[in-house]
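Peer 1: So that you have it, the file is model00.csv, and it contains CSV, N, CA and C atoms:
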```csv
chain,number,residue,atom,x,y,z
A,8,MET,N,125.4,88.6,105.1
A,8,MET,CA,124.4,89.5,104.5
A,8,MET,C,123.0,89.2,105.2
A,9,ASN,N,123.1,89.0,106.5
A,9,ASN,CA,121.9,88.7,107.2
A,9,ASN,C,121.2,90.0,107.5
A,10,HIS,N,119.9,90.0,107.4
A,10,HIS,CA,119.0,91.1,107.6
A,10,HIS,C,119.0,91.4,109.1
A,11,ASP,N,119.1,92.6,109.5
A,11,ASP,CA,119.2,93.0,110.9
A,11,ASP,C,117.7,92.9,111.5
A,12,GLN,N,117.5,91.9,112.2
A,12,GLN,CA,116.1,91.6,112.7
A,12,GLN,C,115.7,92.6,113.8
A,13,SER,N,116.7,93.4,114.3
A,13,SER,CA,116.3,94.4,115.3
A,13,SER,C,115.6,95.6,114.7
A,14,LEU,N,115.7,95.8,113.4
A,14,LEU,CA,115.1,97.0,112.8
A,14,LEU,C,113.6,96.7,112.5
A,15,PRO,N,112.7,97.5,113.0
A,15,PRO,CA,111.3,97.3,112.7
A,15,PRO,C,111.0,97.5,111.2
A,16,ILE,N,109.9,96.8,110.8
A,16,ILE,CA,109.5,97.0,109.4
A,16,ILE,C,108.8,98.4,109.3
A,17,ARG,N,109.0,99.0,108.2
A,17,ARG,CA,108.5,100.3,108.0
A,17,ARG,C,107.3,100.2,107.1
A,18,LEU,N,106.1,100.0,107.7
A,18,LEU,CA,104.9,99.7,107.0
A,18,LEU,C,103.7,100.4,107.7
A,19,GLU,N,102.9,101.0,106.9
A,19,GLU,CA,101.7,101.7,107.4
A,19,GLU,C,100.5,101.2,106.5
A,20,LEU,N,99.4,100.8,107.2
A,20,LEU,CA,98.3,100.2,106.5
A,20,LEU,C,97.0,101.0,106.9
A,21,LEU,N,96.1,101.1,105.9
A,21,LEU,CA,94.8,101.7,106.2
A,21,LEU,C,94.1,100.7,107.2
A,22,PRO,N,93.2,101.2,108.0
A,22,PRO,CA,92.5,100.3,109.0
A,22,PRO,C,91.7,99.3,108.2
A,23,PRO,N,91.5,98.1,108.8
A,23,PRO,CA,90.6,97.1,108.1
A,23,PRO,C,89.2,97.7,108.0
A,24,GLY,N,88.6,97.4,106.9
A,24,GLY,CA,87.2,97.9,106.7
A,24,GLY,C,87.1,99.3,106.2
A,25,SER,N,88.2,99.9,105.8
A,25,SER,CA,88.2,101.3,105.4
A,25,SER,C,87.5,101.5,104.0
A,26,GLY,N,87.2,100.4,103.4
A,26,GLY,CA,86.6,100.6,102.1
A,26,GLY,C,87.5,100.3,100.9
A,27,PRO,N,87.0,100.2,99.7
A,27,PRO,CA,87.9,99.9,98.6
A,27,PRO,C,88.7,101.2,98.2
A,28,TYR,N,90.0,101.1,98.3
A,28,TYR,CA,90.9,102.2,97.9
A,28,TYR,C,91.9,101.6,97.0
A,29,ARG,N,92.5,102.5,96.2
A,29,ARG,CA,93.6,102.0,95.3
A,29,ARG,C,94.7,101.4,96.0
A,30,LEU,N,95.1,101.9,97.2
A,30,LEU,CA,96.2,101.4,98.0
A,30,LEU,C,95.7,101.0,99.3
A,31,ASP,N,96.3,99.9,99.9
A,31,ASP,CA,96.0,99.5,101.2
A,31,ASP,C,97.0,100.0,102.2
A,32,GLY,N,98.1,100.7,101.7
A,32,GLY,CA,99.1,101.3,102.6
A,32,GLY,C,100.4,101.5,101.9
A,33,ALA,N,101.4,101.7,102.7
A,33,ALA,CA,102.8,102.0,102.1
A,33,ALA,C,103.8,101.2,102.9
A,34,TRP,N,104.9,100.9,102.2
A,34,TRP,CA,106.0,100.1,102.7
A,34,TRP,C,107.3,100.8,102.3
A,35,TRP,N,108.2,100.9,103.3
A,35,TRP,CA,109.5,101.5,103.0
A,35,TRP,C,110.6,100.5,103.3
A,36,PRO,N,111.0,99.7,102.3
A,36,PRO,CA,112.0,98.7,102.5
A,36,PRO,C,113.4,99.4,102.7
A,37,ARG,N,114.3,98.7,103.2
A,37,ARG,CA,115.6,99.2,103.5
A,37,ARG,C,116.6,98.9,102.3
A,38,SER,N,116.2,98.1,101.4
A,38,SER,CA,117.1,97.8,100.2
A,38,SER,C,116.3,97.5,99.0
A,39,HIS,N,116.9,97.3,97.9
A,39,HIS,CA,116.3,96.9,96.6
A,39,HIS,C,116.4,95.4,96.5
A,40,ASP,N,116.8,94.6,97.5
A,40,ASP,CA,116.9,93.2,97.5
A,40,ASP,C,115.6,92.5,97.9
A,41,LEU,N,114.9,92.0,96.9
A,41,LEU,CA,113.6,91.5,97.2
A,41,LEU,C,113.7,90.2,98.1
A,42,ALA,N,114.6,89.4,97.9
A,42,ALA,CA,114.8,88.2,98.8
A,42,ALA,C,115.0,88.6,100.2
A,43,ARG,N,115.7,89.7,100.5
A,43,ARG,CA,116.0,90.1,101.8
A,43,ARG,C,114.8,90.8,102.5
A,44,GLU,N,114.0,91.5,101.7
A,44,GLU,CA,112.9,92.4,102.2
A,44,GLU,C,111.6,91.6,102.4
A,45,LEU,N,111.3,90.7,101.4
A,45,LEU,CA,109.9,90.1,101.4
A,45,LEU,C,109.6,89.3,102.7
A,46,PRO,N,110.5,88.5,103.3
A,46,PRO,CA,110.1,87.7,104.4
A,46,PRO,C,109.5,88.6,105.6
A,47,ASP,N,110.1,89.7,105.9
A,47,ASP,CA,109.6,90.6,106.9
A,47,ASP,C,108.3,91.2,106.6
A,48,LEU,N,108.1,91.6,105.3
A,48,LEU,CA,106.9,92.2,104.8
A,48,LEU,C,105.7,91.1,105.0
A,49,LEU,N,106.0,89.9,104.5
A,49,LEU,CA,105.0,88.9,104.6
A,49,LEU,C,104.6,88.6,106.0
A,50,ALA,N,105.6,88.5,106.9
A,50,ALA,CA,105.3,88.3,108.3
A,50,ALA,C,104.4,89.4,108.9
A,51,ALA,N,104.7,90.6,108.5
A,51,ALA,CA,104.0,91.7,109.0
A,51,ALA,C,102.5,91.8,108.5
A,52,LEU,N,102.3,91.2,107.3
A,52,LEU,CA,101.0,91.2,106.7
A,52,LEU,C,100.2,90.0,107.0
A,53,ASP,N,100.8,89.0,107.6
A,53,ASP,CA,100.2,87.7,107.8
A,53,ASP,C,98.9,87.7,108.5
A,54,GLU,N,98.7,88.6,109.4
A,54,GLU,CA,97.4,88.6,110.2
A,54,GLU,C,96.2,89.0,109.3
A,55,ARG,N,96.4,90.0,108.5
A,55,ARG,CA,95.4,90.5,107.6
A,55,ARG,C,95.3,89.8,106.2
A,56,TRP,N,96.5,89.5,105.7
A,56,TRP,CA,96.6,88.8,104.4
A,56,TRP,C,97.5,87.6,104.6
A,57,PRO,N,96.9,86.5,105.2
A,57,PRO,CA,97.7,85.3,105.4
A,57,PRO,C,98.0,84.5,104.1
A,58,ASN,N,99.0,83.8,104.2
A,58,ASN,CA,99.3,82.9,103.1
A,58,ASN,C,99.4,83.5,101.7
A,59,VAL,N,100.1,84.7,101.6
A,59,VAL,CA,100.3,85.3,100.3
A,59,VAL,C,101.0,84.3,99.4
A,60,SER,N,100.4,84.1,98.2
A,60,SER,CA,101.0,83.1,97.3
A,60,SER,C,101.5,83.7,96.0
A,61,ARG,N,101.2,84.9,95.7
A,61,ARG,CA,101.6,85.5,94.5
A,61,ARG,C,101.8,87.0,94.7
A,62,ILE,N,102.9,87.5,94.2
A,62,ILE,CA,103.3,88.9,94.3
A,62,ILE,C,103.7,89.4,93.0
A,63,THR,N,103.3,90.7,92.7
A,63,THR,CA,103.7,91.4,91.4
A,63,THR,C,104.4,92.6,91.9
A,64,VAL,N,105.6,92.7,91.3
A,64,VAL,CA,106.5,93.9,91.6
A,64,VAL,C,107.0,94.5,90.3
A,65,SER,N,107.4,95.7,90.4
A,65,SER,CA,108.0,96.5,89.3
A,65,SER,C,109.4,96.0,89.0
A,66,ARG,N,109.7,95.6,87.8
A,66,ARG,CA,111.0,95.1,87.4
A,66,ARG,C,112.1,96.2,87.7
A,67,PRO,N,111.9,97.5,87.4
A,67,PRO,CA,113.0,98.4,87.6
A,67,PRO,C,113.3,98.7,89.1
A,68,LEU,N,112.3,98.5,89.9
A,68,LEU,CA,112.5,98.9,91.3
A,68,LEU,C,113.4,97.9,92.1
A,69,TRP,N,113.4,96.6,91.7
A,69,TRP,CA,114.0,95.5,92.4
A,69,TRP,C,115.2,95.0,91.7
A,70,ARG,N,116.3,94.8,92.4
A,70,ARG,CA,117.6,94.3,91.8
A,70,ARG,C,117.5,92.8,91.5
A,71,THR,N,116.9,92.0,92.3
A,71,THR,CA,116.9,90.6,92.2
A,71,THR,C,115.8,90.1,91.2
A,72,GLY,N,116.1,89.1,90.5
A,72,GLY,CA,115.2,88.6,89.5
A,72,GLY,C,114.5,87.3,89.9
A,73,LEU,N,114.2,87.2,91.2
A,73,LEU,CA,113.5,86.0,91.7
A,73,LEU,C,112.3,85.7,90.9
A,74,GLY,N,112.0,84.4,90.8
A,74,GLY,CA,110.7,83.9,90.2
A,74,GLY,C,109.8,83.4,91.3
A,75,ARG,N,110.5,83.0,92.4
A,75,ARG,CA,109.7,82.5,93.6
A,75,ARG,C,110.6,82.6,94.8
A,76,LEU,N,110.0,82.7,95.9
A,76,LEU,CA,110.7,82.7,97.2
A,76,LEU,C,110.1,81.6,98.1
A,77,THR,N,111.0,80.8,98.6
A,77,THR,CA,110.5,79.7,99.5
A,77,THR,C,110.7,80.1,100.9
A,78,LEU,N,109.6,80.1,101.6
A,78,LEU,CA,109.6,80.4,103.1
A,78,LEU,C,109.4,79.1,103.8
A,79,ALA,N,109.4,79.1,105.1
A,79,ALA,CA,109.3,77.9,105.9
A,79,ALA,C,108.1,77.0,105.5
A,80,ASP,N,107.0,77.6,105.3
A,80,ASP,CA,105.8,76.8,105.1
A,80,ASP,C,105.2,77.0,103.7
A,81,ARG,N,105.8,77.7,102.8
A,81,ARG,CA,105.1,77.9,101.5
A,81,ARG,C,106.1,78.5,100.5
A,82,THR,N,105.7,78.4,99.2
A,82,THR,CA,106.4,79.1,98.1
A,82,THR,C,105.6,80.2,97.6
A,83,VAL,N,106.2,81.4,97.5
A,83,VAL,CA,105.5,82.6,97.0
A,83,VAL,C,106.0,82.8,95.5
A,84,HIS,N,105.1,82.9,94.6
A,84,HIS,CA,105.5,83.2,93.2
A,84,HIS,C,105.6,84.7,93.0
A,85,ILE,N,106.6,85.1,92.3
A,85,ILE,CA,106.9,86.5,92.1
A,85,ILE,C,106.8,86.8,90.6
A,86,ASN,N,105.9,87.7,90.2
A,86,ASN,CA,105.8,88.2,88.9
A,86,ASN,C,106.5,89.6,88.8
A,87,ARG,N,107.3,89.8,87.8
A,87,ARG,CA,107.9,91.1,87.6
A,87,ARG,C,107.4,91.7,86.4
A,88,SER,N,106.9,92.9,86.5
A,88,SER,CA,106.3,93.6,85.4
A,88,SER,C,107.1,94.8,85.0
A,89,ASP,N,107.1,95.2,83.7
A,89,ASP,CA,107.8,96.3,83.2
A,89,ASP,C,107.0,97.6,83.4
A,90,ALA,N,105.7,97.4,83.3
A,90,ALA,CA,104.8,98.5,83.4
A,90,ALA,C,103.5,98.0,84.1
A,91,GLY,N,102.8,99.0,84.6
A,91,GLY,CA,101.6,98.6,85.3
A,91,GLY,C,100.8,99.8,85.7
A,92,GLU,N,99.8,99.6,86.5
A,92,GLU,CA,99.1,100.7,87.1
A,92,GLU,C,100.0,101.7,87.9
A,93,SER,N,100.9,101.1,88.6
A,93,SER,CA,101.8,101.9,89.4
A,93,SER,C,103.2,101.3,89.5
A,94,PRO,N,104.2,101.9,88.9
A,94,PRO,CA,105.5,101.3,88.9
A,94,PRO,C,106.1,101.3,90.3
A,95,SER,N,105.5,102.1,91.3
A,95,SER,CA,106.1,102.1,92.6
A,95,SER,C,105.2,101.4,93.6
A,96,ALA,N,104.5,100.3,93.1
A,96,ALA,CA,103.6,99.6,94.0
A,96,ALA,C,104.0,98.1,94.0
A,97,ILE,N,103.6,97.4,95.0
A,97,ILE,CA,103.7,95.9,95.1
A,97,ILE,C,102.3,95.4,95.3
A,98,ARG,N,101.9,94.3,94.6
A,98,ARG,CA,100.6,93.7,94.7
A,98,ARG,C,100.8,92.3,95.3
A,99,LEU,N,100.1,92.0,96.4
A,99,LEU,CA,100.2,90.7,97.0
A,99,LEU,C,98.8,90.1,97.0
A,100,LEU,N,98.8,88.8,96.6
A,100,LEU,CA,97.5,88.1,96.5
A,100,LEU,C,97.5,87.0,97.6
A,101,SER,N,96.5,87.0,98.4
A,101,SER,CA,96.3,86.0,99.4
A,101,SER,C,95.1,85.2,99.0
A,102,TYR,N,95.3,83.9,98.8
A,102,TYR,CA,94.2,83.0,98.3
A,102,TYR,C,93.1,83.0,99.4
A,103,GLY,N,91.9,83.2,98.9
A,103,GLY,CA,90.7,83.2,99.8
A,103,GLY,C,90.5,84.5,100.6
A,104,VAL,N,91.5,85.4,100.6
A,104,VAL,CA,91.4,86.7,101.4
A,104,VAL,C,91.3,87.9,100.4
A,105,GLY,N,92.1,87.9,99.4
A,105,GLY,CA,92.1,89.0,98.5
A,105,GLY,C,93.5,89.6,98.2
A,106,ARG,N,93.4,90.8,97.8
A,106,ARG,CA,94.6,91.5,97.3
A,106,ARG,C,95.0,92.7,98.2
A,107,CYS,N,96.3,92.9,98.3
A,107,CYS,CA,96.8,94.0,99.1
A,107,CYS,C,97.8,94.7,98.2
A,108,ASP,N,97.5,96.0,98.0
A,108,ASP,CA,98.4,96.9,97.1
A,108,ASP,C,99.0,97.9,98.0
A,109,LEU,N,100.4,97.9,97.9
A,109,LEU,CA,101.1,98.8,98.8
A,109,LEU,C,102.0,99.8,97.9
A,110,LEU,N,102.0,101.0,98.3
A,110,LEU,CA,103.0,101.9,97.7
A,110,LEU,C,104.3,101.6,98.2
A,111,VAL,N,105.3,101.5,97.4
A,111,VAL,CA,106.7,101.2,97.8
A,111,VAL,C,107.5,102.5,97.8
A,112,VAL,N,107.9,102.9,99.0
A,112,VAL,CA,108.7,104.1,99.1
A,112,VAL,C,110.2,103.7,98.7
A,113,PRO,N,110.9,104.4,97.9
A,113,PRO,CA,112.2,104.0,97.5
A,113,PRO,C,113.1,103.8,98.7
A,114,PRO,N,113.9,102.8,98.8
A,114,PRO,CA,114.8,102.6,99.9
A,114,PRO,C,115.7,103.8,100.2
A,115,GLY,N,116.1,104.5,99.2
A,115,GLY,CA,117.0,105.6,99.5
A,115,GLY,C,116.3,106.9,99.8
A,116,ALA,N,115.0,106.9,100.0
A,116,ALA,CA,114.3,108.2,100.3
A,116,ALA,C,114.7,108.7,101.6
A,117,THR,N,114.7,110.0,101.7
A,117,THR,CA,115.0,110.7,103.0
A,117,THR,C,113.8,110.4,104.0
A,118,PRO,N,114.0,110.5,105.3
A,118,PRO,CA,112.9,110.3,106.2
A,118,PRO,C,111.7,111.2,105.9
A,119,ALA,N,112.0,112.5,105.6
A,119,ALA,CA,110.9,113.5,105.3
A,119,ALA,C,110.1,113.0,104.0
A,120,GLU,N,110.8,112.6,103.0
A,120,GLU,CA,110.1,112.2,101.8
A,120,GLU,C,109.3,110.9,102.0
A,121,ALA,N,109.9,110.0,102.8
A,121,ALA,CA,109.2,108.7,103.1
A,121,ALA,C,108.0,109.0,103.9
A,122,ASP,N,108.1,109.9,104.9
A,122,ASP,CA,106.9,110.3,105.7
A,122,ASP,C,105.8,110.9,104.8
A,123,ARG,N,106.2,111.7,103.9
A,123,ARG,CA,105.2,112.3,103.0
A,123,ARG,C,104.5,111.3,102.2
A,124,LEU,N,105.3,110.4,101.6
A,124,LEU,CA,104.7,109.3,100.7
A,124,LEU,C,103.9,108.4,101.5
A,125,MET,N,104.3,108.0,102.7
A,125,MET,CA,103.6,107.0,103.5
A,125,MET,C,102.3,107.6,104.0
A,126,SER,N,102.3,108.9,104.4
A,126,SER,CA,101.1,109.6,104.8
A,126,SER,C,100.1,109.7,103.7
A,127,SER,N,100.6,110.0,102.5
A,127,SER,CA,99.7,110.2,101.3
A,127,SER,C,99.0,108.8,101.0
A,128,ALA,N,99.7,107.8,101.2
A,128,ALA,CA,99.2,106.4,100.8
A,128,ALA,C,98.2,105.9,101.8
A,129,THR,N,98.3,106.4,103.0
A,129,THR,CA,97.4,105.9,104.1
A,129,THR,C,96.3,106.9,104.5
A,130,THR,N,96.0,107.8,103.6
A,130,THR,CA,94.8,108.7,103.8
A,130,THR,C,93.8,108.3,102.7
A,131,HIS,N,92.6,108.8,102.8
A,131,HIS,CA,91.6,108.5,101.9
A,131,HIS,C,91.6,109.4,100.6
A,132,ASP,N,92.7,110.3,100.6
A,132,ASP,CA,92.8,111.2,99.5
A,132,ASP,C,93.5,110.5,98.3
A,133,GLU,N,92.7,110.4,97.2
A,133,GLU,CA,93.2,109.7,96.0
A,133,GLU,C,94.0,110.5,95.1
A,134,THR,N,94.4,111.7,95.5
A,134,THR,CA,95.1,112.6,94.5
A,134,THR,C,96.5,112.4,94.5
A,135,HIS,N,97.1,111.6,95.3
A,135,HIS,CA,98.6,111.4,95.3
A,135,HIS,C,99.0,110.6,94.1
A,136,ALA,N,100.2,110.8,93.6
A,136,ALA,CA,100.7,110.0,92.5
A,136,ALA,C,101.0,108.6,92.9
A,137,GLY,N,100.7,107.7,92.1
A,137,GLY,CA,101.0,106.3,92.5
A,137,GLY,C,100.9,105.5,91.3
```
Since I need it in another form, could you write the structure as structure tokens?
Peer 2:
Amino acid sequence: MNHDQSLPIRLELLPPGSGPYRLDGAWWPRSHDLARELPDLLAALDERWPNVSRITVSRPLWRTGLGRLTLADRTVHINRSDAGESPSAIRLLSYGVGRCDLLVVPPGATPAEADRLMSSATTHDETHAG
């Protein structure tokens, strides 16, 4: 059940310094398995949001019930919520840096649907559902 490391992470972020927006970008994971998907996401975000220590995810979106994930150099605590501002978002907290909120595109989305959702999350238009 090894993750295929040759597949690039599907992540789009607003440029640094874009201002305070509800979302910092969008992420399209390949599965609903949080333990499989999080290491690549954290690695991709490490330059802007290093040392993420706490993550909040929507309980219905993810199949695994992890309470924490141990990476090579740290433990990341995972909070699972039943409801929140956005059931299709993931919130990552980086101590001393701040918060990163990403729209999560469902893994089973078609490429066209994923493109539309990711584009809407990475524009300054706040009218998209989230």
Peer 1: What does the distance from atom C of Arg98 (chain A) to CA of Thr63 (chain A) come to in Å, to one decimal?
Peer 2: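 Computed distance, atom C of Arg98 (chain A) to CA of Thr63 (chain A), equals 4.9 Å.
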Peer 1: Please compute the CA of Ser101 (chain A)-CA of Pro46 (chain A) distance, one decimal, in Å.
Peer 2: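 Distance between the two atoms: 14.8 Å.
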Peer 1: Enumerate, as number ranges by chain, the complete set of residues in region 13-133 of chain A that a backbone-based DSSP assignment places in strand (DSSP E).
Peer 2: A: 18-20, 32-34, 59-65, 75-77, 82-88, 96-101, 105-111
Peer 1: Quick one: distance from CA of Arg70 (chain A) to CA of Ala33 (chain A) in Å, one decimal?
Peer 2: 19.6 Å
Peer 1: Restricting the calculation to only C-alpha atoms, which member of A:Pro57, A:Pro113, A:Ser25, A:Pro15 is positioned closest to Ser38 (chain A)?
Peer 2: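 Residue with the minimum atom-to-atom distance to Ser38 (chain A): A:Pro113.
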Peer 1: Would you pick out the contacts of Arg29 (chain A) at 8 Å or less, using only N, CA and C atoms, so that residues sharing its chain but fewer than 5 positions from it are not included, and give the list as a ChimeraX atom specification?
Peer 2: /A:107-110,133
Peer 1: To test your reading of the structure, identify every residue in region 8-135 of chain A that backbone DSSP assigns to alpha helix (DSSP H), and report it as a PyMOL selection string.
Peer 2: chain A and resi 41-52+118-128
Peer 1: Within 12 Å of (108.2, 83.1, 103.2) (coordinates as in the file), grab all the protein and nucleic acid residues, counting only C-alpha atoms, and write them out as a PyMOL selection string.
Peer 2: chain A and resi 41-53+57-62+75-85
Peer 1: I'd like the contact shell of region 123-130 of chain A - 7 Å cut-off, only N, CA and C atoms, skipping same-chain residues fewer than 2 positions apart - returned as an NGL selection string.
Peer 2: :A and (19-21 or 30-34 or 110 or 112 or 118-121 or 132-133 or 135)
Peer 1: Do a neighbour search on Arg87 (chain A) at 8 Å with all atoms listed in the file, toss out local chain neighbours closer than 5 positions, and write the hits as a list in words.
Peer 2: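 Within the cut-off, the hits are Ile62, Thr63, Val64, Ser65, Arg66, Pro67, Gly72, Leu73 and Gly74 of chain A.
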Peer 1: Tell me which of A:Gly24, A:Trp35, A:Asp40, A:Arg55 sits closest to Gly105 (chain A), counting only C-alpha atoms.
Peer 2: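 Counting only C-alpha atoms, the residue closest to Gly105 (chain A) is A:Arg55.
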Peer 1: Have a look at A:Ile16, A:Trp56, A:Thr117, A:Val111 and name the one nearest to Ile97 (chain A); count all atoms listed in the file.
Peer 2: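 That would be A:Val111, the residue with the smallest distance to Ile97 (chain A).
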